[in-house]
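Down below is the structure, laid out as structure tokens.
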Amino acid sequence: MTEILDCCQRRIFVLMLLASFFFAGNVLPADNTVETVVHPSVNTEHLSKNLLRSIFGMRLRTWQDGLPIRVFVLPDDAPLHSLFAKQKLNIFPYQLRAAWDRLIFSGTGQAPITVQSEEEMRLRVSTTPGAIGYLSGTKIDDSVQIVHVDQ
């Protein structure tokens with residue numbers, strides 16, 4: 001009887017361990033902060049909320065100096081993506097997806113580039129001139145520039 005119990009306990013432990021690895025990348029930052037970040041070549045430190053919505057809604061395609069804007073986002077189901085949409089854009093993630101789908105299906109635009117992790121987001125934003133994205137406060141380093149969002 002104890003052998004069966006030990007076997008079940010081991011299986012439960014392995015399943016819990018696998019689940020923790022699966023969900024490890026899909027957790028919110030401890031302090032629930034999300035920051036908008038851009039490539040260091042982008043010559044702006046502040047954006048209005050409306051301008052940020054235009055950028056992430058894929059309606060604004062170039063910066064003021066003519067440099068093309070490259071938008072990077074996490075997958076729709078990523079907790080940080082939801083936090084960014086709600087905190088910085090004041091919209092729900094499904095509203096962003098609907099706007100992107102309209103652009104794609106009408107042939108008038110493209111969706112943003114989806115990255116799979118914050119590390120990839122930081123790497124892509126830091127190496128792509130004109131790039132914009134978002135990161136949790138703990139993932140930001142000197143390779144990207146924070147842009148403050150004004151009301």
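Residues are named by chain letter and number: chains run A, B, ... in the order of the structure tokens, numbers start at 1 in each chain, and ligands are numbered from 1 in the order shown.
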
| said: I'd like the contact shell of Ser136 of chain A - 8 Å cut-off, only C-alpha atoms, skipping same-chain residues fewer than 6 positions apart - returned as a ChimeraX atom specification. | reply: /A:29,32-35,80,118

Go ahead and save the picked residues with all heavy atoms, as a PDB file, in the first residue's frame.
ATOM      1  N   PRO A  29       4.379  40.724 -13.287  1.00  0.00           N
ATOM      2  CA  PRO A  29       5.472  41.172 -12.441  1.00  0.00           C
ATOM      3  C   PRO A  29       4.972  41.378 -11.014  1.00  0.00           C
ATOM      4  O   PRO A  29       3.811  41.719 -10.801  1.00  0.00           O
ATOM      5  CB  PRO A  29       5.913  42.493 -13.076  1.00  0.00           C
ATOM      6  CG  PRO A  29       4.825  42.896 -13.997  1.00  0.00           C
ATOM      7  CD  PRO A  29       4.072  41.659 -14.353  1.00  0.00           C
ATOM      8  N   ASN A  32       3.355  44.680 -10.440  1.00  0.00           N
ATOM      9  CA  ASN A  32       2.308  45.030 -11.411  1.00  0.00           C
ATOM     10  C   ASN A  32       2.608  46.312 -12.186  1.00  0.00           C
ATOM     11  O   ASN A  32       1.718  47.081 -12.504  1.00  0.00           O
ATOM     12  CB  ASN A  32       0.950  45.160 -10.737  1.00  0.00           C
ATOM     13  CG  ASN A  32       0.282  43.809 -10.549  1.00  0.00           C
ATOM     14  OD1 ASN A  32       0.749  42.801 -11.075  1.00  0.00           O
ATOM     15  ND2 ASN A  32      -0.799  43.792  -9.825  1.00  0.00           N
ATOM     16  N   THR A  33       3.871  46.550 -12.500  1.00  0.00           N
ATOM     17  CA  THR A  33       4.223  47.710 -13.310  1.00  0.00           C
ATOM     18  C   THR A  33       4.567  47.269 -14.720  1.00  0.00           C
ATOM     19  O   THR A  33       5.166  46.215 -14.931  1.00  0.00           O
ATOM     20  CB  THR A  33       5.429  48.484 -12.729  1.00  0.00           C
ATOM     21  OG1 THR A  33       6.562  47.610 -12.699  1.00  0.00           O
ATOM     22  CG2 THR A  33       5.137  49.006 -11.344  1.00  0.00           C
ATOM     23  N   VAL A  34       4.164  48.074 -15.654  1.00  0.00           N
ATOM     24  CA  VAL A  34       4.515  47.850 -17.047  1.00  0.00           C
ATOM     25  C   VAL A  34       4.926  49.203 -17.620  1.00  0.00           C
ATOM     26  O   VAL A  34       4.293  50.221 -17.333  1.00  0.00           O
ATOM     27  CB  VAL A  34       3.347  47.212 -17.840  1.00  0.00           C
ATOM     28  CG1 VAL A  34       2.111  48.077 -17.839  1.00  0.00           C
ATOM     29  CG2 VAL A  34       3.760  46.866 -19.251  1.00  0.00           C
ATOM     30  N   GLU A  35       6.013  49.213 -18.369  1.00  0.00           N
ATOM     31  CA  GLU A  35       6.527  50.446 -18.945  1.00  0.00           C
ATOM     32  C   GLU A  35       6.586  50.332 -20.459  1.00  0.00           C
ATOM     33  O   GLU A  35       6.908  49.274 -20.993  1.00  0.00           O
ATOM     34  CB  GLU A  35       7.932  50.759 -18.405  1.00  0.00           C
ATOM     35  CG  GLU A  35       7.998  51.009 -16.928  1.00  0.00           C
ATOM     36  CD  GLU A  35       7.355  52.305 -16.482  1.00  0.00           C
ATOM     37  OE1 GLU A  35       7.111  53.187 -17.339  1.00  0.00           O
ATOM     38  OE2 GLU A  35       7.085  52.452 -15.283  1.00  0.00           O
ATOM     39  N   LEU A  80       1.106  40.169 -19.065  1.00  0.00           N
ATOM     40  CA  LEU A  80       1.702  41.502 -19.210  1.00  0.00           C
ATOM     41  C   LEU A  80       1.066  42.263 -20.377  1.00  0.00           C
ATOM     42  O   LEU A  80       0.908  43.479 -20.315  1.00  0.00           O
ATOM     43  CB  LEU A  80       3.217  41.417 -19.389  1.00  0.00           C
ATOM     44  CG  LEU A  80       3.943  42.755 -19.301  1.00  0.00           C
ATOM     45  CD1 LEU A  80       3.813  43.358 -17.894  1.00  0.00           C
ATOM     46  CD2 LEU A  80       5.399  42.614 -19.683  1.00  0.00           C
ATOM     47  N   GLU A 118       9.464  38.407 -22.592  1.00  0.00           N
ATOM     48  CA  GLU A 118       9.968  39.750 -22.320  1.00  0.00           C
ATOM     49  C   GLU A 118      11.429  39.882 -22.733  1.00  0.00           C
ATOM     50  O   GLU A 118      11.858  40.953 -23.183  1.00  0.00           O
ATOM     51  CB  GLU A 118       9.814  40.099 -20.843  1.00  0.00           C
ATOM     52  CG  GLU A 118       8.391  40.410 -20.452  1.00  0.00           C
ATOM     53  CD  GLU A 118       8.317  40.970 -19.058  1.00  0.00           C
ATOM     54  OE1 GLU A 118       8.662  42.158 -18.878  1.00  0.00           O
ATOM     55  OE2 GLU A 118       7.930  40.212 -18.147  1.00  0.00           O
TER      56      GLU A 118
END

| said: I want to know what sits within 8 Å of segment 51-64 of chain A, based on only C-alpha atoms, with residues of the same chain fewer than 3 positions away left out; could you give that as a PyMOL selection string? | reply: chain A and resi 42+47-48+67-71+89+96+99-100+109-112+130+149

Write a file of the just-selected residues containing C-alpha atoms, as a compact mmCIF listing (two decimals), in the first residue's frame.
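Saved file result-v4.txt follows:
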# COMPACT_ATOMS: atom_id res chain seq x y z
CA VAL A 42 13.61 57.20 -30.99
CA LEU A 47 3.73 60.22 -25.55
CA SER A 48 0.07 61.05 -25.01
CA LEU A 67 11.57 56.75 -38.97
CA PRO A 68 9.16 53.80 -39.41
CA ILE A 69 7.53 52.59 -36.20
CA ARG A 70 7.98 48.87 -35.51
CA VAL A 71 5.50 47.67 -32.89
CA LEU A 89 -4.02 52.21 -23.38
CA LEU A 96 -6.65 45.66 -29.80
CA ALA A 99 -8.53 46.54 -34.53
CA TRP A 100 -5.57 44.53 -35.85
CA GLY A 109 -2.54 47.37 -42.57
CA GLN A 110 -0.61 44.82 -40.61
CA ALA A 111 -0.65 43.46 -37.09
CA PRO A 112 2.27 44.19 -34.77
CA GLY A 130 12.12 52.88 -34.45
CA VAL A 149 2.67 58.13 -21.11

| said: Rounded to one decimal, what separation in Å do you get between atom CA of Gln87 of chain A and atom CA of Glu120 of chain A? | reply: 21.7 Å

| request: Rank A:Asp150, A:Phe72, A:Pro93, A:His81 by their smallest atom-to-atom distance to His39 of chain A, using only C-alpha atoms, and report the top residue only. | output: A:Phe72

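From atom CA of Pro129 of chain A back to atom CA of Ser41 of chain A, the distance works out to 6.2 Å.
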
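The coordinates place atom CA of Phe84 of chain A at 20.9 Å from atom CA of Leu103 of chain A.
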